[in-house]
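Notes follow the structure.
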Amino acid sequence: MFPVSFGRSSRIANMDDTKTWPEVEKAAAEKRRELVLQGPTANTKISSYGGLPPAIYSLTLLNYLEVSQCPSLTELHEDIQSLTNLQSLILCRNKLSCIPDVISNLKSLKVLDLSANNLVLLPDGIALLRELTTLNVSCNRLEALPDGLSHCVKLCSINMSKNCITGFPSDLYSERMDLLSTLVASDNAIVELGADIHKLAALKVLDLSNNQLSDIPSSLSDCPKLKEINFRGNKLNDKRLEKMVNGCQTKSILDYLRGKGRQGEERGDVDRGRGVNDRKGKQKKKKKREEEQDELEEINKMVVRVLHVSDTPDALTVRVSAEVKDVRPYLVCCVVRGMILKPGNSLKRFLVAQTKLHDDICGKRTIATIATHDVQLLKAPLAYDAKPPTQLKIVPLGRREVTAVELIRHLQLEADELRKQKKRQNVTGLHKYLQLLQGKALYPCIVDAEGHVISFPPITNSEKTKIKKTTKELFLEVTSANSLQTCKDVMDALIAKMAELNKFTVEHQDEAGSDDEGDAPPGQTSSTDAASELIIQQVRTVDQDGNLKVVYPSKTDLSKDIPNLTVIW
């Protein structure tokens with residue numbers, strides 16, 4: 001079978017291909033500025049065409065194009081250059097092996113997402129995208145980024161994680177990159193972070209975890225806006241620094257680097273003027289530093305205590321119906337006590353962290369979905385069930401009670417309306433997840449003892465069990481259509497993040513802000529392990545006959561190498 005030709009003559013000769021692509025036909029007829037093609041249905045059509053339909057390249061009004069989760073898409077035709085109004089091009093989770101250099105002609109492009117493909121090389125033309133603000137090339141097989149990125153002076157975020165990259169482009173450390181605030185390069189083979197890193201004056205987030213660094217330049221401490229760094233998984237020559245990056249807060253690491261830089265200058269002065277310090281004095285200083293480091297590690301220790309289900313007779317149990325097997329079969333749950341949500345912005349930080357997990361490890365909810373509930377508002381026992389869309393009723397977060405059919409229809413109408421607004425490039429919020437339920441005869445849900453639906457994954461959970469600043473106990477659930485281990489991995493990551501946030505809240509309650517409701521009483525802001533300790537109550541899920549399916553956490557959970565996380569059974 002010969003490949004389909006996508007030259008311009010082919011595009012003109014095949015304009016009626018919109019008849020088999022209703023999304024494309026609708027976008028053309030309504031002069032839409034956004035087009036999204038994703039999932040199995042789009043993949044089947046792409047496979048039959050041998051690529052994207054030529055008619056797409058005639059939609060010159062588009063400013064947002066997304067083609068994702070289509071493994072049949074292996075190459076992008078040069079006719080992409082005709083979409084000169086594109087501001088966002090999302091081509092993630094496909095099997096693209098190359099990107100044409102003519103992408104440089106998309107002069108209006110601001111967001112380029114090429115993550116999770118098979119790319120080994122990026123075109124030099126990317127460096128000519130002067131309006132580019134966000135570049136995501138994570139999860140490919142790249143060995144380098146193209147030179148010249150410093151010409152993209154509006155770049156704010158670069159994600160190059162999970163590749164085979166050994167170093168940064170020579171011009172990345174440029175004062176011209178004065179808007180670059182996020183640089184994520186984890187899980188690569190990077191051997192050096194240049195001393196000119198301090199030239200990135202706007203840098204706030206730097207992730208170089210799991211690389212091959214042996215040193216961190218002290219000049220990193222001169223980045224004035226740096227708030228979050230991650231160097232875990234690197235074998236550093238400075239073993240004290242290696243311990244710190246595996247567990248300490250950013251401020252502690254930067255303070256150490258700053259002091260290390262000063263020590264280097266002072267050592268030079270001493271060597272020139274007075275010779276080498278007394279050996280015995282050095283040993284005393286070394287011992288003192290080690291004691292200080294041990295104390296610092298103890299301070300930064302995060303503690304999670306697990307309560308066995310047999311020790312709590314009233315422990316929650318979730319009964320799983322057989323109907324969820326063909327919809328969303330996997331579920332793990334637990335109850336968490338001791339999460340501090342009241343002071344300052346602690347609740348907001350937790351919700352932001354949950355959203356970040358949804359976008360990252362949960363693959364924008366395509367891999368798994370997290371939901372949280374206030375235990376005091378739950379009516380046990382709980383059941384994980386699947387219902388026809390017309391029979392599933394829920395009070396979604398921030399909305400009135402509706403059936404699932406009404407909610408989906410309403411969200412779809414909202415999405416359509418958003419697409420018509422010229423100032424909106426893409427849909428947001430719940431609208432992004434509608435496609436995950438397409439074609440399902442039954443929808444998954446968690447139901448309480450009174451028959452109320454408290455969770456409708458992957459779309460929303462109920463306003464009735466919404467967590468607040470006053471919430472004392474949280475019921476956590478993770479659901480997935482992939483595997484049980486996926487649920488466990490996500491729950492592990494969520495609990496580790498909660499422990500980290502709790503530690504941060506305890507240590508910074510004096511900086512909580514002006515939220516009077518959240519201010520702790522005098523004398524109750526001590527930074528102790530007990531204050532930040534999380535209690536994890538095991539939750540069992542059973543089948544309809546009461547046979548155990550899974551209990552979380554088990555002895556094999558929370559056992560990964562999570563720095564400074566101590567689990568007490």
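FYI, nothing fancy with the structure tokens labels: chains A, B, ... in order, residues from 1 per chain, ligands from 1 as they appear.
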Requested in this report: Report the residues of region 167-223 of chain A whose backbone DSSP state falls under strand (DSSP E), written as a list in words.
Outcome: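 In region 167-223 of chain A, DSSP puts these residues in strand (DSSP E): Thr182, Leu183, Val184, Val205, Leu206 and Asp207 of chain A.
Here CA of Lys342 (chain A) is placed at a distance of 27.5 Å from CA of Lys488 (chain A).
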Query raised in the report: Looking at A:Asp147, A:Glu78, A:Glu473, A:Asp101, which one is nearest to Ile340 (chain A), with distances taken over only C-alpha atoms?
Result: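 Result for the nearest residue to Ile340 (chain A): A:Glu473.
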Requested in this report: Name the residues in contact with region 369-381 of chain A at a cut-off of 7 Å, using only C-alpha atoms, excluding same-chain residues fewer than 5 positions from it; report them as a list in words.
Outcome: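 Everything that qualifies: Leu316, Thr317, Val318, His358, Cys362, Asp448, Ala449, Glu450, Pro457, Pro458, Asn461, Thr465, Lys466, Ile467, Thr471, Glu473, Leu474, Phe475, Leu476, Glu477, Val478, Thr479 and Ser480 of chain A.
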Give me the residues near region 57-63 of chain A as a PDB file with N, CA and C atoms, in the first residue's frame, where near means some atom within 6 Å (using only C-alpha atoms) and where sequence neighbours in that chain fewer than 6 positions away do not count.
ATOM      1  N   ARG A  33     -11.770  28.705  15.770  1.00  0.00           N
ATOM      2  CA  ARG A  33     -10.367  29.011  16.021  1.00  0.00           C
ATOM      3  C   ARG A  33      -9.684  27.941  16.848  1.00  0.00           C
ATOM      4  N   GLU A  34     -10.431  26.863  17.123  1.00  0.00           N
ATOM      5  CA  GLU A  34      -9.857  25.767  17.906  1.00  0.00           C
ATOM      6  C   GLU A  34     -10.301  24.438  17.328  1.00  0.00           C
ATOM      7  N   LEU A  83      -0.842  27.210   8.601  1.00  0.00           N
ATOM      8  CA  LEU A  83      -1.665  27.645   9.748  1.00  0.00           C
ATOM      9  C   LEU A  83      -0.944  28.780  10.483  1.00  0.00           C
ATOM     10  N   ASN A  85      -1.855  31.469  11.847  1.00  0.00           N
ATOM     11  CA  ASN A  85      -2.464  32.118  13.013  1.00  0.00           C
ATOM     12  C   ASN A  85      -2.367  31.276  14.282  1.00  0.00           C
ATOM     13  N   LEU A  86      -1.770  30.095  14.166  1.00  0.00           N
ATOM     14  CA  LEU A  86      -1.671  29.222  15.332  1.00  0.00           C
ATOM     15  C   LEU A  86      -0.898  29.900  16.467  1.00  0.00           C
ATOM     16  N   GLN A  87      -1.504  29.841  17.653  1.00  0.00           N
ATOM     17  CA  GLN A  87      -0.821  30.312  18.858  1.00  0.00           C
ATOM     18  C   GLN A  87      -0.470  29.152  19.778  1.00  0.00           C
TER      19      GLN A  87
END
Query raised in the report: Leaving out Ala386 (chain A) and any residue of its chain fewer than 4 positions from it, which residues lie within 9 Å of it when counting only C-alpha atoms, given as a list in words?
Result: Ser321, Ala322, Glu323, Val324, Val327, Arg328, Leu392, Leu442, Tyr443, Pro444, Cys445 and Ile446 of chain A
Report task. For Pro22 (chain A), work out the shell of residues within 12 Å, counting only C-alpha atoms and skipping chain neighbours fewer than 5 positions away, then give it as a PyMOL selection string. Result -> chain A and resi 16-17+27-30+35-37+41-42+45+53+55-56
Residue subset to file, keeping all heavy atoms, as a tab-separated table (two decimals), in the first residue's frame:
chain	number	residue	atom	x	y	z
A	16	ASP	N	-13.11	17.20	0.07
A	16	ASP	CA	-14.32	16.53	0.57
A	16	ASP	C	-13.99	15.52	1.65
A	16	ASP	O	-14.88	14.82	2.13
A	16	ASP	CB	-15.07	15.86	-0.58
A	16	ASP	CG	-14.23	14.79	-1.27
A	16	ASP	OD1	-13.01	14.74	-1.00
A	16	ASP	OD2	-14.81	14.01	-2.05
A	17	ASP	N	-12.71	15.41	2.06
A	17	ASP	CA	-12.40	14.49	3.16
A	17	ASP	C	-12.99	14.96	4.47
A	17	ASP	O	-13.02	14.23	5.46
A	17	ASP	CB	-10.89	14.26	3.30
A	17	ASP	CG	-10.12	15.52	3.59
A	17	ASP	OD1	-10.74	16.58	3.86
A	17	ASP	OD2	-8.89	15.46	3.56
A	27	ALA	N	-15.48	22.70	12.10
A	27	ALA	CA	-14.53	23.79	12.32
A	27	ALA	C	-14.48	24.72	11.11
A	27	ALA	O	-14.40	25.94	11.25
A	27	ALA	CB	-13.14	23.24	12.64
A	28	ALA	N	-14.53	24.12	9.91
A	28	ALA	CA	-14.50	24.93	8.69
A	28	ALA	C	-15.79	25.73	8.52
A	28	ALA	O	-15.76	26.93	8.20
A	28	ALA	CB	-14.26	24.03	7.48
A	29	ALA	N	-16.94	25.06	8.75
A	29	ALA	CA	-18.23	25.71	8.55
A	29	ALA	C	-18.45	26.86	9.53
A	29	ALA	O	-19.02	27.90	9.18
A	29	ALA	CB	-19.35	24.68	8.67
A	30	GLU	N	-18.02	26.66	10.77
A	30	GLU	CA	-18.26	27.66	11.80
A	30	GLU	C	-17.09	28.62	11.98
A	30	GLU	O	-17.09	29.44	12.89
A	30	GLU	CB	-18.57	26.96	13.13
A	30	GLU	CG	-19.82	26.10	13.10
A	30	GLU	CD	-20.11	25.45	14.43
A	30	GLU	OE1	-19.34	25.69	15.40
A	30	GLU	OE2	-21.10	24.70	14.53
A	35	LEU	N	-9.38	23.48	17.29
A	35	LEU	CA	-9.70	22.13	16.83
A	35	LEU	C	-8.94	21.14	17.70
A	35	LEU	O	-7.73	21.26	17.88
A	35	LEU	CB	-9.31	21.94	15.36
A	35	LEU	CG	-9.56	20.53	14.78
A	35	LEU	CD1	-11.04	20.20	14.82
A	35	LEU	CD2	-9.03	20.44	13.35
A	36	VAL	N	-9.68	20.16	18.24
A	36	VAL	CA	-9.08	19.12	19.09
A	36	VAL	C	-9.43	17.76	18.51
A	36	VAL	O	-10.60	17.42	18.34
A	36	VAL	CB	-9.59	19.22	20.55
A	36	VAL	CG1	-9.00	18.09	21.39
A	36	VAL	CG2	-9.24	20.57	21.15
A	37	LEU	N	-8.41	16.97	18.21
A	37	LEU	CA	-8.57	15.60	17.73
A	37	LEU	C	-7.75	14.71	18.66
A	37	LEU	O	-6.53	14.85	18.74
A	37	LEU	CB	-8.06	15.45	16.30
A	37	LEU	CG	-8.71	16.35	15.23
A	37	LEU	CD1	-7.98	16.20	13.91
A	37	LEU	CD2	-10.19	16.02	15.07
A	41	THR	N	-10.86	7.26	18.38
A	41	THR	CA	-11.60	7.57	17.15
A	41	THR	C	-10.73	8.35	16.17
A	41	THR	O	-10.64	8.01	14.98
A	41	THR	CB	-12.86	8.39	17.48
A	41	THR	OG1	-13.69	7.65	18.40
A	41	THR	CG2	-13.66	8.68	16.22
A	42	ALA	N	-10.06	9.39	16.67
A	42	ALA	CA	-9.17	10.17	15.81
A	42	ALA	C	-8.01	9.32	15.32
A	42	ALA	O	-7.60	9.43	14.16
A	42	ALA	CB	-8.66	11.40	16.57
A	45	LYS	N	-8.95	7.18	12.31
A	45	LYS	CA	-9.04	7.95	11.07
A	45	LYS	C	-7.65	8.34	10.55
A	45	LYS	O	-7.39	8.28	9.35
A	45	LYS	CB	-9.89	9.21	11.31
A	45	LYS	CG	-11.35	8.90	11.60
A	45	LYS	CD	-12.14	10.18	11.85
A	45	LYS	CE	-13.60	9.88	12.13
A	45	LYS	NZ	-14.37	11.10	12.41
A	53	PRO	N	-5.74	14.68	8.02
A	53	PRO	CA	-6.47	14.97	6.77
A	53	PRO	C	-5.98	16.28	6.16
A	53	PRO	O	-5.78	17.27	6.88
A	53	PRO	CB	-7.92	15.07	7.24
A	53	PRO	CG	-7.84	15.46	8.66
A	53	PRO	CD	-6.62	14.76	9.20
A	55	ALA	N	-7.43	18.56	4.69
A	55	ALA	CA	-8.32	19.71	4.90
A	55	ALA	C	-7.97	20.50	6.15
A	55	ALA	O	-8.31	21.69	6.25
A	55	ALA	CB	-9.78	19.24	4.98
A	56	ILE	N	-7.30	19.87	7.09
A	56	ILE	CA	-6.91	20.59	8.31
A	56	ILE	C	-6.05	21.80	7.96
A	56	ILE	O	-6.18	22.88	8.56
A	56	ILE	CB	-6.15	19.65	9.27
A	56	ILE	CG1	-7.14	18.78	10.05
A	56	ILE	CG2	-5.29	20.44	10.26
A	56	ILE	CD1	-6.52	17.93	11.12
Query raised in the report: For Pro329 (chain A), which of A:Arg240, A:Ser252, A:Asn482, A:His452 is the closest residue, counting only C-alpha atoms?
Result: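 Under the stated criterion, the closest residue is A:Asn482.
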Report task. Per DSSP on the backbone, filter region 397-505 of chain A down to the residues in alpha helix (DSSP H) and report them as an MDAnalysis selection string. Result -> chainID A and resid 404:420 484:505
Could you write out the selected residues, including N, CA, C and O atoms, as a compact mmCIF listing (two decimals), in the first residue's frame?
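Result went into result36.txt, see below:
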# COMPACT_ATOMS: atom_id res chain seq x y z
N ALA A 404 -25.87 13.10 35.29
CA ALA A 404 -24.62 13.08 34.55
C ALA A 404 -24.83 13.54 33.11
O ALA A 404 -23.98 14.24 32.54
N VAL A 405 -25.97 13.17 32.53
CA VAL A 405 -26.27 13.59 31.16
C VAL A 405 -26.35 15.11 31.08
O VAL A 405 -25.78 15.74 30.18
N GLU A 406 -27.06 15.71 32.04
CA GLU A 406 -27.21 17.17 32.04
C GLU A 406 -25.86 17.85 32.26
O GLU A 406 -25.56 18.88 31.63
N LEU A 407 -25.05 17.29 33.18
CA LEU A 407 -23.75 17.89 33.47
C LEU A 407 -22.85 17.85 32.23
O LEU A 407 -22.23 18.86 31.87
N ILE A 408 -22.78 16.69 31.58
CA ILE A 408 -21.95 16.56 30.39
C ILE A 408 -22.43 17.49 29.29
O ILE A 408 -21.64 18.17 28.63
N ARG A 409 -23.77 17.55 29.11
CA ARG A 409 -24.33 18.43 28.07
C ARG A 409 -24.01 19.89 28.38
O ARG A 409 -23.62 20.67 27.51
N HIS A 410 -24.17 20.26 29.65
CA HIS A 410 -23.91 21.63 30.06
C HIS A 410 -22.44 21.99 29.88
O HIS A 410 -22.11 23.07 29.38
N LEU A 411 -21.56 21.08 30.26
CA LEU A 411 -20.13 21.32 30.10
C LEU A 411 -19.75 21.42 28.62
O LEU A 411 -18.90 22.23 28.24
N GLN A 412 -20.40 20.60 27.80
CA GLN A 412 -20.12 20.66 26.37
C GLN A 412 -20.55 21.99 25.77
O GLN A 412 -19.84 22.58 24.94
N LEU A 413 -21.73 22.48 26.21
CA LEU A 413 -22.20 23.78 25.75
C LEU A 413 -21.24 24.89 26.19
O LEU A 413 -20.95 25.82 25.43
N GLU A 414 -20.78 24.79 27.43
CA GLU A 414 -19.82 25.77 27.92
C GLU A 414 -18.54 25.73 27.09
O GLU A 414 -17.97 26.77 26.74
N ALA A 415 -18.09 24.52 26.77
CA ALA A 415 -16.88 24.37 25.97
C ALA A 415 -17.06 24.99 24.59
O ALA A 415 -16.18 25.69 24.08
N ASP A 416 -18.23 24.74 23.98
CA ASP A 416 -18.50 25.31 22.66
C ASP A 416 -18.53 26.83 22.72
O ASP A 416 -18.04 27.51 21.81
N GLU A 417 -19.11 27.36 23.79
CA GLU A 417 -19.19 28.81 23.93
C GLU A 417 -17.79 29.40 24.11
O GLU A 417 -17.46 30.45 23.53
N LEU A 418 -16.96 28.72 24.89
CA LEU A 418 -15.60 29.20 25.11
C LEU A 418 -14.80 29.22 23.80
O LEU A 418 -13.99 30.10 23.57
N ARG A 419 -15.05 28.23 22.96
CA ARG A 419 -14.32 28.17 21.70
C ARG A 419 -14.66 29.34 20.78
O ARG A 419 -13.86 29.73 19.93
N LYS A 420 -15.88 29.86 20.95
CA LYS A 420 -16.32 30.96 20.08
C LYS A 420 -15.77 32.31 20.53
O LYS A 420 -15.84 33.28 19.80
N LEU A 484 -4.16 -1.39 38.91
CA LEU A 484 -4.20 -1.14 40.35
C LEU A 484 -2.90 -0.47 40.81
O LEU A 484 -2.91 0.42 41.66
N GLN A 485 -1.76 -0.89 40.22
CA GLN A 485 -0.48 -0.30 40.61
C GLN A 485 -0.43 1.18 40.26
O GLN A 485 0.19 1.97 40.99
N THR A 486 -1.09 1.57 39.18
CA THR A 486 -1.16 2.99 38.83
C THR A 486 -1.82 3.77 39.95
O THR A 486 -1.33 4.83 40.36
N CYS A 487 -2.94 3.25 40.47
CA CYS A 487 -3.63 3.90 41.58
C CYS A 487 -2.72 4.02 42.80
O CYS A 487 -2.67 5.06 43.45
N LYS A 488 -2.00 2.96 43.09
CA LYS A 488 -1.12 2.96 44.27
C LYS A 488 0.02 3.97 44.11
O LYS A 488 0.37 4.68 45.05
N ASP A 489 0.60 4.01 42.91
CA ASP A 489 1.70 4.94 42.67
C ASP A 489 1.24 6.38 42.83
O ASP A 489 1.95 7.23 43.40
N VAL A 490 0.05 6.68 42.31
CA VAL A 490 -0.49 8.04 42.43
C VAL A 490 -0.78 8.37 43.88
O VAL A 490 -0.48 9.48 44.36
N MET A 491 -1.37 7.41 44.61
CA MET A 491 -1.68 7.65 46.02
C MET A 491 -0.39 7.84 46.83
O MET A 491 -0.32 8.71 47.72
N ASP A 492 0.65 7.06 46.53
CA ASP A 492 1.95 7.25 47.19
C ASP A 492 2.46 8.67 46.98
O ASP A 492 2.92 9.33 47.92
N ALA A 493 2.38 9.13 45.73
CA ALA A 493 2.86 10.48 45.41
C ALA A 493 2.04 11.54 46.12
O ALA A 493 2.58 12.54 46.59
N LEU A 494 0.73 11.32 46.20
CA LEU A 494 -0.15 12.29 46.87
C LEU A 494 0.18 12.38 48.36
O LEU A 494 0.30 13.49 48.91
N ILE A 495 0.35 11.24 49.02
CA ILE A 495 0.63 11.25 50.46
C ILE A 495 2.00 11.86 50.73
O ILE A 495 2.17 12.62 51.69
N ALA A 496 2.99 11.54 49.89
CA ALA A 496 4.32 12.14 50.06
C ALA A 496 4.24 13.66 49.93
O ALA A 496 4.87 14.40 50.70
N LYS A 497 3.45 14.14 48.98
CA LYS A 497 3.29 15.58 48.80
C LYS A 497 2.56 16.20 49.99
O LYS A 497 2.91 17.30 50.44
N MET A 498 1.56 15.51 50.52
CA MET A 498 0.84 16.02 51.68
C MET A 498 1.77 16.13 52.89
O MET A 498 1.70 17.11 53.65
N ALA A 499 2.64 15.14 53.06
CA ALA A 499 3.60 15.18 54.17
C ALA A 499 4.54 16.36 54.02
O ALA A 499 4.87 17.06 54.99
N GLU A 500 4.98 16.60 52.79
CA GLU A 500 5.87 17.73 52.52
C GLU A 500 5.17 19.06 52.80
O GLU A 500 5.74 19.96 53.42
N LEU A 501 3.92 19.18 52.34
CA LEU A 501 3.16 20.41 52.57
C LEU A 501 2.90 20.63 54.05
O LEU A 501 2.95 21.76 54.55
N ASN A 502 2.61 19.56 54.77
CA ASN A 502 2.36 19.67 56.20
C ASN A 502 3.59 20.18 56.93
O ASN A 502 3.52 21.04 57.82
N LYS A 503 4.74 19.64 56.55
CA LYS A 503 5.99 20.08 57.16
C LYS A 503 6.22 21.57 56.87
O LYS A 503 6.59 22.35 57.75
N PHE A 504 5.98 21.95 55.63
CA PHE A 504 6.16 23.35 55.24
C PHE A 504 5.21 24.26 56.03
O PHE A 504 5.62 25.33 56.51
N THR A 505 3.96 23.84 56.18
CA THR A 505 2.97 24.66 56.90
C THR A 505 3.38 24.86 58.36
O THR A 505 3.30 25.97 58.89
Requested in this report: For region 203-213 of chain A, please output as a PyMOL selection string all residues within 12 Å (counting only C-alpha atoms; exclusion window: fewer than 5 positions along the same chain).
Outcome: chain A and resi 155-168+173-175+177-194+197-198+220-238+242+245-246+250
**Report entry** A:Leu331, A:Val551, A:Val395, A:Cys92 ranked by distance to His308 (chain A), top pick (using only C-alpha atoms)
**Finding:**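 Of A:Leu331, A:Val551, A:Val395, A:Cys92, the one nearest His308 (chain A), counting only C-alpha atoms, is A:Val551.
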Report task. Choose the residue, out of A:Glu25, A:Arg130, A:Cys333, A:Leu121, that has the smallest atom-to-atom separation from Thr541 (chain A); count only C-alpha atoms. Result -> A:Cys333
Query raised in the report: With only C-alpha atoms as the atoms that count, which of A:Lys387, A:Lys199, A:Arg305, A:Lys472 lies nearest to Gln537 (chain A)?
Result: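 Closest candidate: A:Arg305.
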